[in-house]
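Asks: Sharing run35.pdb here; it has PDB, C-alpha atoms.
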```
ATOM      1  CA  MET A   1      92.201 -61.685 -17.983
ATOM      2  CA  ALA A   2      95.119 -59.235 -17.758
ATOM      3  CA  HIS A   3      97.076 -57.201 -20.276
ATOM      4  CA  VAL A   4     100.412 -55.637 -19.408
ATOM      5  CA  VAL A   5     101.099 -52.237 -20.959
ATOM      6  CA  ALA A   6     104.346 -50.512 -19.967
ATOM      7  CA  GLY A   7     104.548 -52.655 -16.853
ATOM      8  CA  VAL A   8     101.051 -51.756 -15.690
ATOM      9  CA  VAL A   9      98.586 -54.592 -15.272
ATOM     10  CA  SER A  10      95.282 -53.762 -16.871
ATOM     11  CA  VAL A  11      92.207 -55.931 -16.444
ATOM     12  CA  ASP A  12      89.208 -55.754 -18.776
ATOM     13  CA  PRO A  13      86.852 -53.478 -16.762
ATOM     14  CA  GLU A  14      83.695 -55.419 -17.610
ATOM     15  CA  LEU A  15      85.300 -58.727 -16.668
ATOM     16  CA  LEU A  16      86.673 -57.188 -13.498
ATOM     17  CA  ARG A  17      83.224 -55.898 -12.545
ATOM     18  CA  LEU A  18      81.636 -59.314 -13.124
ATOM     19  CA  PHE A  19      84.531 -61.060 -11.391
ATOM     20  CA  ALA A  20      84.146 -58.773  -8.361
ATOM     21  CA  VAL A  21      80.422 -59.530  -8.078
ATOM     22  CA  ARG A  22      80.879 -63.293  -8.392
ATOM     23  CA  ALA A  23      83.932 -63.446  -6.147
ATOM     24  CA  GLU A  24      81.953 -61.655  -3.469
ATOM     25  CA  GLU A  25      79.107 -64.160  -3.848
ATOM     26  CA  ALA A  26      81.634 -66.981  -3.422
ATOM     27  CA  GLY A  27      82.904 -65.391  -0.193
ATOM     28  CA  LEU A  28      86.317 -64.815  -1.729
ATOM     29  CA  ILE A  29      86.799 -61.131  -1.075
ATOM     30  CA  GLU A  30      85.419 -60.590   2.432
ATOM     31  CA  THR A  31      88.491 -58.634   3.457
ATOM     32  CA  PHE A  32      89.866 -57.705   0.041
ATOM     33  CA  ASN A  33      90.607 -54.143  -0.946
ATOM     34  CA  ALA A  34      90.448 -52.924  -4.554
ATOM     35  CA  GLU A  35      94.147 -53.671  -5.158
ATOM     36  CA  ASP A  36      93.779 -57.238  -3.889
ATOM     37  CA  LEU A  37      90.844 -57.747  -6.200
ATOM     38  CA  VAL A  38      92.756 -56.523  -9.260
ATOM     39  CA  ALA A  39      95.735 -58.705  -8.262
ATOM     40  CA  LEU A  40      93.501 -61.786  -8.131
ATOM     41  CA  ALA A  41      91.538 -60.902 -11.263
ATOM     42  CA  SER A  42      94.754 -60.370 -13.213
ATOM     43  CA  ARG A  43      95.816 -63.952 -12.478
ATOM     44  CA  VAL A  44      92.726 -65.712 -13.770
ATOM     45  CA  ASP A  45      91.909 -66.553 -17.378
ATOM     46  CA  PRO A  46      88.413 -66.234 -18.820
ATOM     47  CA  VAL A  47      87.128 -69.514 -20.253
ATOM     48  CA  ASP A  48      83.901 -70.104 -22.204
ATOM     49  CA  ARG A  49      81.996 -73.363 -22.403
ATOM     50  CA  ALA A  50      79.051 -74.213 -24.672
ATOM     51  CA  PRO A  51      75.975 -76.086 -23.373
ATOM     52  CA  GLY A  52      76.832 -79.786 -22.937
ATOM     53  CA  ASP A  53      80.599 -79.161 -22.670
ATOM     54  CA  ARG A  54      82.564 -80.668 -19.821
ATOM     55  CA  ILE A  55      83.921 -77.778 -17.738
ATOM     56  CA  ARG A  56      87.263 -79.338 -16.896
ATOM     57  CA  GLU A  57      89.315 -82.445 -17.569
ATOM     58  CA  PRO A  58      89.129 -85.118 -14.839
ATOM     59  CA  SER A  59      92.800 -84.518 -13.971
ATOM     60  CA  ASP A  60      92.432 -80.726 -13.730
ATOM     61  CA  CYS A  61      93.690 -79.061 -10.541
ATOM     62  CA  SER A  62      92.721 -75.446 -11.232
ATOM     63  CA  ALA A  63      90.207 -73.381  -9.286
ATOM     64  CA  TRP A  64      87.241 -72.022 -11.226
ATOM     65  CA  LEU A  65      84.779 -69.247 -10.492
ATOM     66  CA  LEU A  66      81.510 -69.370 -12.429
ATOM     67  CA  LEU A  67      80.944 -65.845 -13.771
ATOM     68  CA  SER A  68      77.771 -66.488 -15.781
ATOM     69  CA  GLY A  69      75.656 -69.448 -16.879
ATOM     70  CA  GLU A  70      74.706 -72.652 -15.089
ATOM     71  CA  ILE A  71      76.529 -75.925 -14.482
ATOM     72  CA  ALA A  72      75.141 -79.394 -13.734
ATOM     73  CA  ALA A  73      77.262 -80.945 -10.983
ATOM     74  CA  SER A  74      77.534 -84.520  -9.787
ATOM     75  CA  TYR A  75      79.555 -86.285  -7.108
ATOM     76  CA  LEU A  76      81.438 -89.337  -8.363
ATOM     77  CA  PRO A  77      82.239 -91.560  -5.360
ATOM     78  CA  ALA A  78      85.284 -93.821  -5.533
ATOM     79  CA  THR A  79      82.928 -96.752  -4.943
ATOM     80  CA  GLY A  80      81.105 -95.994  -8.215
ATOM     81  CA  GLY A  81      77.770 -94.441  -9.068
ATOM     82  CA  GLU A  82      76.887 -90.766  -9.207
ATOM     83  CA  VAL A  83      75.054 -88.356  -6.898
ATOM     84  CA  ASP A  84      73.293 -85.433  -8.591
ATOM     85  CA  LEU A  85      74.388 -82.203  -6.880
ATOM     86  CA  GLY A  86      71.948 -80.033  -8.800
ATOM     87  CA  THR A  87      72.623 -76.830 -10.675
ATOM     88  CA  LEU A  88      75.461 -74.494  -9.763
ATOM     89  CA  PRO A  89      74.624 -70.799 -10.162
ATOM     90  CA  PRO A  90      76.972 -67.917 -11.011
ATOM     91  CA  GLY A  91      79.210 -67.133  -8.041
ATOM     92  CA  THR A  92      80.077 -70.776  -7.317
ATOM     93  CA  MET A  93      83.756 -71.583  -6.804
ATOM     94  CA  ILE A  94      84.973 -75.010  -7.857
ATOM     95  CA  GLY A  95      88.289 -76.753  -7.405
ATOM     96  CA  ASP A  96      89.835 -75.052  -4.381
ATOM     97  CA  LEU A  97      90.738 -78.406  -2.805
ATOM     98  CA  ALA A  98      92.353 -79.613  -6.027
ATOM     99  CA  LEU A  99      94.276 -76.339  -6.220
ATOM    100  CA  LEU A 100      95.646 -76.681  -2.701
ATOM    101  CA  LEU A 101      96.307 -80.415  -2.634
ATOM    102  CA  ASP A 102      97.168 -81.120  -6.287
ATOM    103  CA  LEU A 103      94.569 -83.886  -6.289
ATOM    104  CA  PRO A 104      91.700 -83.930  -8.804
ATOM    105  CA  GLU A 105      88.225 -83.763  -7.278
ATOM    106  CA  PRO A 106      85.503 -86.410  -7.728
ATOM    107  CA  ILE A 107      83.051 -83.841  -9.060
ATOM    108  CA  GLY A 108      81.640 -83.985 -12.590
ATOM    109  CA  LEU A 109      80.756 -80.603 -14.139
ATOM    110  CA  VAL A 110      78.842 -80.071 -17.401
ATOM    111  CA  ALA A 111      77.659 -76.701 -18.772
ATOM    112  CA  LYS A 112      73.850 -76.487 -18.821
ATOM    113  CA  THR A 113      73.884 -73.142 -20.604
ATOM    114  CA  HIS A 114      76.634 -71.055 -22.119
ATOM    115  CA  CYS A 115      79.093 -70.547 -19.271
ATOM    116  CA  ARG A 116      81.830 -68.003 -18.695
ATOM    117  CA  LEU A 117      84.325 -68.921 -15.996
ATOM    118  CA  ALA A 118      87.457 -67.456 -14.465
ATOM    119  CA  ARG A 119      90.159 -70.117 -14.182
ATOM    120  CA  LEU A 120      93.033 -69.856 -11.692
ATOM    121  CA  ASP A 121      95.802 -72.159 -12.832
ATOM    122  CA  ARG A 122      97.513 -74.158 -10.087
ATOM    123  CA  ALA A 123     101.073 -73.235 -11.083
ATOM    124  CA  ALA A 124     100.144 -69.543 -11.394
ATOM    125  CA  PHE A 125      98.475 -69.678  -7.990
ATOM    126  CA  TRP A 126     101.559 -71.087  -6.270
ATOM    127  CA  ARG A 127     103.880 -68.658  -8.068
ATOM    128  CA  TRP A 128     101.685 -65.824  -6.813
ATOM    129  CA  THR A 129     101.604 -67.301  -3.311
ATOM    130  CA  GLU A 130     105.390 -67.533  -3.190
ATOM    131  CA  SER A 131     105.812 -63.975  -4.472
ATOM    132  CA  GLY A 132     105.063 -62.651  -0.994
ATOM    133  CA  GLU A 133     102.424 -60.197  -2.264
ATOM    134  CA  PRO A 134     100.003 -59.209   0.512
ATOM    135  CA  ALA A 135      97.057 -59.926  -1.837
ATOM    136  CA  ALA A 136      98.223 -63.553  -2.158
ATOM    137  CA  ALA A 137      98.328 -63.905   1.642
ATOM    138  CA  HIS A 138      94.849 -62.368   1.900
ATOM    139  CA  PHE A 139      93.548 -64.824  -0.689
ATOM    140  CA  HIS A 140      95.120 -67.749   1.180
ATOM    141  CA  HIS A 141      93.506 -66.539   4.376
ATOM    142  CA  LEU A 142      90.089 -66.435   2.720
ATOM    143  CA  LEU A 143      90.544 -69.916   1.261
ATOM    144  CA  ALA A 144      91.509 -71.178   4.718
ATOM    145  CA  ARG A 145      88.440 -69.529   6.240
ATOM    146  CA  LEU A 146      86.138 -71.135   3.655
ATOM    147  CA  LEU A 147      87.714 -74.516   4.323
ATOM    148  CA  ALA A 148      87.318 -74.073   8.091
ATOM    149  CA  ARG A 149      83.606 -73.368   7.641
ATOM    150  CA  ARG A 150      83.162 -76.444   5.460
ATOM    151  CA  LEU A 151      84.977 -78.544   8.030
ATOM    152  CA  ARG A 152      82.728 -77.264  10.815
ATOM    153  CA  PHE A 153      79.743 -78.284   8.698
ATOM    154  CA  ALA A 154      81.211 -81.739   8.009
ATOM    155  CA  ASN A 155      82.016 -82.326  11.685
ATOM    156  CA  ALA A 156      78.539 -81.259  12.774
ATOM    157  CA  ARG A 157      76.866 -83.567  10.253
ATOM    158  CA  PHE A 158      79.122 -86.434  11.207
ATOM    159  CA  ALA A 159      78.318 -85.954  14.905
ATOM    160  CA  THR A 160      74.585 -85.863  14.134
ATOM    161  CA  LEU A 161      74.800 -89.149  12.271
ATOM    162  CA  ALA A 162      76.977 -90.824  14.851
ATOM    163  CA  ALA A 163      74.621 -89.755  17.657
ATOM    164  CA  ASP A 164      71.556 -91.305  16.079
ATOM    165  CA  GLU A 165      71.752 -94.867  14.858
ATOM    166  CA  ASP A 166      68.053 -95.001  14.010
ATOM    167  CA  THR A 167      67.962 -94.043  10.316
ATOM    168  CA  ASP A 168      64.247 -93.253  10.482
ATOM    169  CA  ARG A 169      64.935 -90.505  12.987
ATOM    170  CA  ARG A 170      68.001 -89.043  11.318
ATOM    171  CA  SER A 171      67.355 -85.426  10.577
ATOM    172  CA  LEU A 172      70.372 -83.852   8.999
ATOM    173  CA  TYR A 173      69.020 -80.587   7.809
TER
ATOM    174  CA  MET B   1     113.162 -86.950  27.262
ATOM    175  CA  THR B   2     114.023 -83.667  25.555
ATOM    176  CA  VAL B   3     112.927 -83.329  21.994
ATOM    177  CA  ASN B   4     114.969 -81.308  19.512
ATOM    178  CA  ALA B   5     112.149 -79.238  18.048
ATOM    179  CA  GLY B   6     114.140 -77.914  15.090
ATOM    180  CA  GLN B   7     115.274 -81.379  14.083
ATOM    181  CA  VAL B   8     111.747 -82.765  14.357
ATOM    182  CA  LEU B   9     110.231 -79.913  12.329
ATOM    183  CA  ARG B  10     112.799 -80.334   9.538
ATOM    184  CA  SER B  11     111.894 -84.028   9.261
ATOM    185  CA  LEU B  12     108.153 -83.360   8.857
ATOM    186  CA  PRO B  13     106.516 -83.058   5.403
ATOM    187  CA  THR B  14     104.592 -79.939   6.480
ATOM    188  CA  PHE B  15     107.842 -78.047   7.104
ATOM    189  CA  ALA B  16     110.126 -79.885   4.682
ATOM    190  CA  GLU B  17     110.357 -76.899   2.308
ATOM    191  CA  TRP B  18     110.896 -74.320   5.051
ATOM    192  CA  SER B  19     114.252 -72.582   5.275
ATOM    193  CA  THR B  20     116.342 -72.920   8.428
ATOM    194  CA  GLU B  21     115.668 -69.223   9.040
ATOM    195  CA  ALA B  22     111.892 -69.774   8.899
ATOM    196  CA  ILE B  23     112.048 -72.781  11.231
ATOM    197  CA  ASN B  24     114.203 -70.845  13.685
ATOM    198  CA  GLY B  25     111.752 -67.937  13.465
ATOM    199  CA  LEU B  26     108.887 -70.223  14.398
ATOM    200  CA  LEU B  27     110.848 -71.797  17.259
ATOM    201  CA  LEU B  28     111.724 -68.365  18.580
ATOM    202  CA  ARG B  29     108.062 -67.416  18.931
ATOM    203  CA  ALA B  30     106.379 -70.701  19.827
ATOM    204  CA  ARG B  31     106.294 -72.268  23.278
ATOM    205  CA  LYS B  32     107.250 -75.891  23.791
ATOM    206  CA  VAL B  33     104.542 -77.608  25.843
ATOM    207  CA  ARG B  34     104.830 -81.072  27.405
ATOM    208  CA  PHE B  35     101.680 -83.156  27.700
ATOM    209  CA  PHE B  36     100.775 -86.479  29.250
ATOM    210  CA  ALA B  37      98.221 -89.180  28.409
ATOM    211  CA  GLY B  38      94.771 -87.893  29.287
ATOM    212  CA  ASP B  39      95.646 -84.192  29.106
ATOM    213  CA  VAL B  40      93.139 -82.103  27.156
ATOM    214  CA  LEU B  41      94.799 -79.631  24.778
ATOM    215  CA  PHE B  42      91.476 -78.055  23.888
ATOM    216  CA  ARG B  43      87.819 -78.857  24.343
ATOM    217  CA  GLU B  44      84.951 -78.768  21.806
ATOM    218  CA  GLY B  45      82.708 -75.731  22.248
ATOM    219  CA  GLU B  46      85.252 -73.637  24.147
ATOM    220  CA  PRO B  47      86.719 -70.460  22.641
ATOM    221  CA  GLY B  48      89.904 -71.148  20.698
ATOM    222  CA  ASN B  49      92.906 -68.892  21.222
ATOM    223  CA  SER B  50      95.908 -71.018  20.310
ATOM    224  CA  LEU B  51      97.182 -73.604  17.865
ATOM    225  CA  PHE B  52      99.581 -76.504  18.310
ATOM    226  CA  VAL B  53     102.174 -78.271  16.188
ATOM    227  CA  VAL B  54     102.718 -81.821  17.447
ATOM    228  CA  LEU B  55     106.419 -82.678  17.817
ATOM    229  CA  GLU B  56     106.066 -86.076  19.498
ATOM    230  CA  GLY B  57     103.292 -88.211  20.934
ATOM    231  CA  GLN B  58      99.745 -89.034  19.831
ATOM    232  CA  ILE B  59      96.619 -86.926  20.229
ATOM    233  CA  ALA B  60      93.017 -88.047  19.661
ATOM    234  CA  ILE B  61      90.605 -85.650  17.953
ATOM    235  CA  THR B  62      87.089 -86.341  19.165
ATOM    236  CA  LEU B  63      83.563 -85.053  18.735
ATOM    237  CA  ARG B  64      80.591 -85.218  21.064
ATOM    238  CA  ALA B  65      77.827 -87.233  19.439
ATOM    239  CA  GLY B  66      74.826 -87.162  21.752
ATOM    240  CA  GLU B  67      75.981 -88.899  24.897
ATOM    241  CA  ASN B  68      78.863 -90.602  23.130
ATOM    242  CA  THR B  69      82.276 -89.481  21.950
ATOM    243  CA  VAL B  70      83.412 -90.241  18.418
ATOM    244  CA  THR B  71      87.102 -90.305  17.518
ATOM    245  CA  LEU B  72      87.687 -88.537  14.214
ATOM    246  CA  SER B  73      91.400 -89.204  14.011
ATOM    247  CA  GLU B  74      94.579 -89.763  15.952
ATOM    248  CA  GLU B  75      97.269 -87.232  15.154
ATOM    249  CA  GLY B  76     101.020 -87.568  15.576
ATOM    250  CA  PRO B  77     104.210 -85.602  14.865
ATOM    251  CA  GLY B  78     103.776 -82.907  12.213
ATOM    252  CA  ALA B  79     100.056 -82.428  12.781
ATOM    253  CA  ILE B  80      98.810 -78.869  13.149
ATOM    254  CA  LEU B  81      95.902 -78.688  15.585
ATOM    255  CA  GLY B  82      93.564 -75.929  16.669
ATOM    256  CA  GLU B  83      94.222 -73.583  13.746
ATOM    257  CA  MET B  84      90.554 -73.500  12.672
ATOM    258  CA  ALA B  85      89.448 -71.351  15.598
ATOM    259  CA  LEU B  86      92.189 -68.837  14.785
ATOM    260  CA  ILE B  87      91.451 -68.642  11.062
ATOM    261  CA  ASP B  88      87.673 -68.487  11.402
ATOM    262  CA  PRO B  89      87.060 -67.285  14.962
ATOM    263  CA  GLY B  90      84.521 -69.412  16.771
ATOM    264  CA  PRO B  91      84.328 -72.173  19.322
ATOM    265  CA  ARG B  92      86.496 -75.267  18.990
ATOM    266  CA  SER B  93      84.773 -77.715  16.645
ATOM    267  CA  ALA B  94      86.373 -80.791  18.257
ATOM    268  CA  SER B  95      88.386 -81.793  21.319
ATOM    269  CA  ALA B  96      92.051 -82.800  21.378
ATOM    270  CA  THR B  97      93.122 -85.254  24.098
ATOM    271  CA  ALA B  98      96.563 -86.774  24.546
ATOM    272  CA  VAL B  99      96.724 -90.532  24.060
ATOM    273  CA  THR B 100     100.404 -90.725  25.033
ATOM    274  CA  SER B 101     102.831 -88.280  26.534
ATOM    275  CA  GLY B 102     104.562 -85.927  24.116
ATOM    276  CA  THR B 103     105.414 -82.359  23.157
ATOM    277  CA  THR B 104     103.807 -79.639  21.087
ATOM    278  CA  LEU B 105     104.761 -76.173  19.980
ATOM    279  CA  GLY B 106     102.040 -73.746  20.990
ATOM    280  CA  LEU B 107     101.301 -70.390  19.373
ATOM    281  CA  SER B 108      98.582 -68.082  20.675
ATOM    282  CA  ALA B 109      96.296 -65.912  18.558
ATOM    283  CA  ALA B 110      98.117 -62.826  19.868
ATOM    284  CA  GLU B 111     101.513 -64.301  18.949
ATOM    285  CA  LEU B 112     100.224 -65.166  15.488
ATOM    286  CA  ALA B 113      98.900 -61.629  15.020
ATOM    287  CA  ALA B 114     102.267 -60.195  16.114
ATOM    288  CA  LEU B 115     104.027 -62.516  13.686
ATOM    289  CA  GLN B 116     101.971 -61.117  10.796
ATOM    290  CA  SER B 117     103.387 -57.646  11.335
ATOM    291  CA  GLU B 118     106.900 -58.642  12.459
ATOM    292  CA  ASP B 119     107.626 -61.342   9.901
ATOM    293  CA  PRO B 120     105.024 -61.430   7.104
ATOM    294  CA  ALA B 121     106.976 -64.037   5.128
ATOM    295  CA  LEU B 122     106.969 -66.465   8.061
ATOM    296  CA  ALA B 123     103.311 -65.740   8.808
ATOM    297  CA  SER B 124     102.509 -66.407   5.170
ATOM    298  CA  ALA B 125     104.394 -69.732   5.202
ATOM    299  CA  LEU B 126     102.483 -70.740   8.317
ATOM    300  CA  LEU B 127      99.195 -69.754   6.688
ATOM    301  CA  ARG B 128     100.025 -71.919   3.656
ATOM    302  CA  ALA B 129     100.659 -74.844   6.001
ATOM    303  CA  PHE B 130      97.290 -74.226   7.712
ATOM    304  CA  THR B 131      95.460 -74.048   4.390
ATOM    305  CA  ARG B 132      96.919 -77.324   3.165
ATOM    306  CA  THR B 133      96.127 -78.945   6.521
ATOM    307  CA  LEU B 134      92.513 -77.776   6.323
ATOM    308  CA  ALA B 135      92.161 -78.898   2.709
ATOM    309  CA  GLY B 136      93.499 -82.327   3.680
ATOM    310  CA  ARG B 137      90.990 -82.544   6.517
ATOM    311  CA  VAL B 138      88.088 -81.710   4.209
ATOM    312  CA  ARG B 139      89.185 -84.580   1.965
ATOM    313  CA  ASP B 140      89.434 -86.855   4.999
ATOM    314  CA  ALA B 141      85.918 -85.793   6.003
ATOM    315  CA  ASP B 142      84.755 -86.895   2.554
ATOM    316  CA  THR B 143      86.103 -90.398   3.206
ATOM    317  CA  ARG B 144      84.634 -90.487   6.722
ATOM    318  CA  ILE B 145      81.207 -89.364   5.594
ATOM    319  CA  ALA B 146      81.259 -91.766   2.619
ATOM    320  CA  ALA B 147      81.662 -94.638   5.095
ATOM    321  CA  VAL B 148      78.408 -93.766   6.882
ATOM    322  CA  SER B 149      76.315 -92.321   4.065
ATOM    323  CA  ALA B 150      74.913 -95.548   2.599
ATOM    324  CA  GLU B 151      71.549 -95.067   4.268
ATOM    325  CA  TRP B 152      71.067 -91.428   3.342
ATOM    326  CA  THR B 153      68.465 -90.281   0.873
ATOM    327  CA  ARG B 154      69.748 -88.836  -2.396
ATOM    328  CA  GLU B 155      68.719 -85.365  -1.225
ATOM    329  CA  GLN B 156      70.650 -85.711   2.028
ATOM    330  CA  SER B 157      73.717 -86.946   0.173
ATOM    331  CA  ALA B 158      73.536 -84.103  -2.325
ATOM    332  CA  VAL B 159      73.441 -81.445   0.408
ATOM    333  CA  VAL B 160      76.424 -82.923   2.241
ATOM    334  CA  TRP B 161      78.622 -83.514  -0.801
ATOM    335  CA  ARG B 162      77.754 -80.147  -2.281
ATOM    336  CA  THR B 163      78.736 -78.303   0.888
ATOM    337  CA  LEU B 164      81.878 -80.349   1.329
ATOM    338  CA  TRP B 165      83.182 -80.040  -2.222
ATOM    339  CA  LEU B 166      81.848 -76.724  -3.473
ATOM    340  CA  ALA B 167      82.761 -73.488  -1.801
ATOM    341  CA  SER B 168      79.297 -71.956  -2.005
TER
END
```
Re-express the file's structure as structure tokens.
Replies:
Amino acid sequence: MAHVVAGVVSVDPELLRLFAVRAEEAGLIETFNAEDLVALASRVDPVDRAPGDRIREPSDCSAWLLLSGEIAASYLPATGGEVDLGTLPPGTMIGDLALLLDLPEPIGLVAKTHCRLARLDRAAFWRWTESGEPAAAHFHHLLARLLARRLRFANARFATLAADEDTDRRSLY
Amino acid sequence: MTVNAGQVLRSLPTFAEWSTEAINGLLLRARKVRFFAGDVLFREGEPGNSLFVVLEGQIAITLRAGENTVTLSEEGPGAILGEMALIDPGPRSASATAVTSGTTLGLSAAELAALQSEDPALASALLRAFTRTLAGRVRDADTRIAAVSAEWTREQSAVVWRTLWLAS
């Protein structure tokens, strides 16, 4: 997404605008300032996918932010089968766990419409992280916060299930 | 028994890539806390204002489930506990109770905040360790939920997996 001219990082303004909107929807820039946003946007690559295309290879460990279009998502349990996760709208982030743990995720993703995504490569992410830039630390903090919220959700659901052994009375939502 | 905190930290995967300087920096700021079987390090629902790195001993992480208590995991040396409430301020989402005697390093929210201005590189390394720990726990939650999800409806499953795996 970035061009370097005379040492100055320049990001396509239209892509930056769209990236900023979608990153905000994904909860990625709660405490970001404008410089942090440019630093993040300059490290992602725009990727286009046609309807029916697979978004990523099964072994991919990048993080992706859906800028425009729609994706059909499914959960692929290790035990086999497939759970339809519905349609992902613009502003969905995918792959943060794979990025952090270097482990592919059991999530199938296929473009339903033409999709434009911002891809954050794993190696680029860790190089940025190790650079000591404040923006990288801010981004890490936001990722950690998102993970903490997901964990709270998972723990609450698990407790609800464990408390009620009568499946007819289980009300998760 | 006196545990050599520096030696233990260097032997743990979480801190394996840390420099001696970074480990010493952490030891300088953290408090060594002894615990005994049955001690509660923190309790679900209470405000969280500190995190712990386990140096020795075993600690059970439990959740209240109605009138019962469910054990989520048993954590040993190298585990980072209690960081969630510092990263995303809110009540503790689980309890931590000592199963055996042991030692932790404790760091309060105020100490962590001071670290961010005094030694940003060390604070950043600690944050990376927290993030990886949290990501690992989300993956563990996936396994735990998979074991009990057989009787869910497809809609229930979709909501849980979607929230667990997708950030929004």
Asks: So that I can check the surroundings of Arg49 (chain A), please list as a list in words every protein, DNA and RNA residue that reaches within 9 Å of it, counting all atoms listed in the file and ignoring chain neighbours fewer than 4 positions away.
Replies: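 Final neighbour list, sorted by chain and number: Asp53, Arg54, Ile55, Val110, Ala111, Thr113, His114, Cys115, Arg116 and Leu117 of chain A.
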Asks: Smallest atom-to-atom distance to Gly57 (chain B): which of B:Ala85, B:Val70, B:Val3, B:Leu28, using only C-alpha atoms?
Replies: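 Nearest to Gly57 (chain B): B:Val3.
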Asks: Name all residues at most 9 Å from Asn155 (chain A) (count all atoms listed in the file; drop same-chain ones fewer than 4 positions away) and give them as a ChimeraX atom specification.
Replies: /A:150-151,159-160 /B:63,72,93-94,141
Asks: What do you get, as a list in words, if you spell out every residue that the PyMOL selection byres ((chain B) within 7 of (chain A)) selects here?
Replies: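 Those residues are Leu63, Arg64, Ala65, Gly66, Asn68, Met84, Ile87, Asp88, Ser93, Ala121, Ser124, Leu127, Arg128, Thr131, Arg132, Leu134, Ala135, Val138, Ala141, Ile145, Arg154, Ala158, Trp161, Arg162, Thr163, Leu164, Leu166, Ala167 and Ser168 of chain B.
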Asks: May I ask for the distance between CA of Ala72 (chain A) and CA of Ala123 (chain A), given in Å to one decimal place?
Replies: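 Answer for the CA of Ala72 (chain A) to CA of Ala123 (chain A) separation: 26.8 Å.
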Asks: Quick one: pull the distance between CA of Gly82 (chain B) and CA of Glu21 (chain B), Å, one decimal.
Replies: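 Pair CA of Gly82 (chain B) / CA of Glu21 (chain B) returns 24.3 Å.
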Asks: Closest to Ser42 (chain A) among A:Glu82, A:Leu109, A:Asp121, A:Leu16, using all atoms listed in the file?
Replies: A:Leu16
Asks: CA of Leu67 (chain A) and CA of Gly136 (chain B), how far apart in Å?
Replies: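 Interatomic distance, CA of Gly136 (chain B) to CA of Leu67 (chain A): 27.1 Å.
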Asks: Determine, counting all atoms listed in the file, every residue of protein, DNA or RNA that lies within 12 Å of (114.1, -80.3, 10.3) in the file coordinates, then give the result as a JSON list (two decimals) with C-alpha atoms, keeping the file's coordinate frame.
Replies:
```json
[["chain", "number", "residue", "atom", "x", "y", "z"],
["B", 4, "ASN", "CA", 114.97, -81.31, 19.51],
["B", 5, "ALA", "CA", 112.15, -79.24, 18.05],
["B", 6, "GLY", "CA", 114.14, -77.91, 15.09],
["B", 7, "GLN", "CA", 115.27, -81.38, 14.08],
["B", 8, "VAL", "CA", 111.75, -82.76, 14.36],
["B", 9, "LEU", "CA", 110.23, -79.91, 12.33],
["B", 10, "ARG", "CA", 112.80, -80.33, 9.54],
["B", 11, "SER", "CA", 111.89, -84.03, 9.26],
["B", 12, "LEU", "CA", 108.15, -83.36, 8.86],
["B", 13, "PRO", "CA", 106.52, -83.06, 5.40],
["B", 14, "THR", "CA", 104.59, -79.94, 6.48],
["B", 15, "PHE", "CA", 107.84, -78.05, 7.10],
["B", 16, "ALA", "CA", 110.13, -79.89, 4.68],
["B", 17, "GLU", "CA", 110.36, -76.90, 2.31],
["B", 18, "TRP", "CA", 110.90, -74.32, 5.05],
["B", 19, "SER", "CA", 114.25, -72.58, 5.28],
["B", 20, "THR", "CA", 116.34, -72.92, 8.43],
["B", 21, "GLU", "CA", 115.67, -69.22, 9.04],
["B", 22, "ALA", "CA", 111.89, -69.77, 8.90],
["B", 23, "ILE", "CA", 112.05, -72.78, 11.23],
["B", 24, "ASN", "CA", 114.20, -70.84, 13.68],
["B", 27, "LEU", "CA", 110.85, -71.80, 17.26],
["B", 55, "LEU", "CA", 106.42, -82.68, 17.82],
["B", 78, "GLY", "CA", 103.78, -82.91, 12.21]]
```
Asks: Translate the PyMOL selection byres ((chain A and resi 18) around 12), as applied to the file shown, into an explicit residue set as a list of chain:residue names.
Replies: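 Output from the PyMOL selection byres ((chain A and resi 18) around 12), applied to this file: A:Met1, A:Val11, A:Asp12, A:Pro13, A:Glu14, A:Leu15, A:Leu16, A:Arg17, A:Phe19, A:Ala20, A:Val21, A:Arg22, A:Ala23, A:Glu24, A:Glu25, A:Leu37, A:Ala41, A:Pro46, A:Leu65, A:Leu66, A:Leu67, A:Ser68, A:Pro90, A:Gly91, A:Arg116, A:Leu117, A:Ala118.
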Asks: May I have the protein, DNA and RNA residues with any atom at most 7 Å from the point (90.7, -89.2, 20.2), counting only C-alpha atoms, written as a PyMOL selection string?
Replies: chain B and resi 59-62+71-74+96-97
Asks: For a quick check of understanding, using only C-alpha atoms, which of B:Phe42, B:Trp165, B:Trp152, B:Phe36 has the smallest distance to Gln58 (chain B)?
Replies: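 Closest candidate: B:Phe36.
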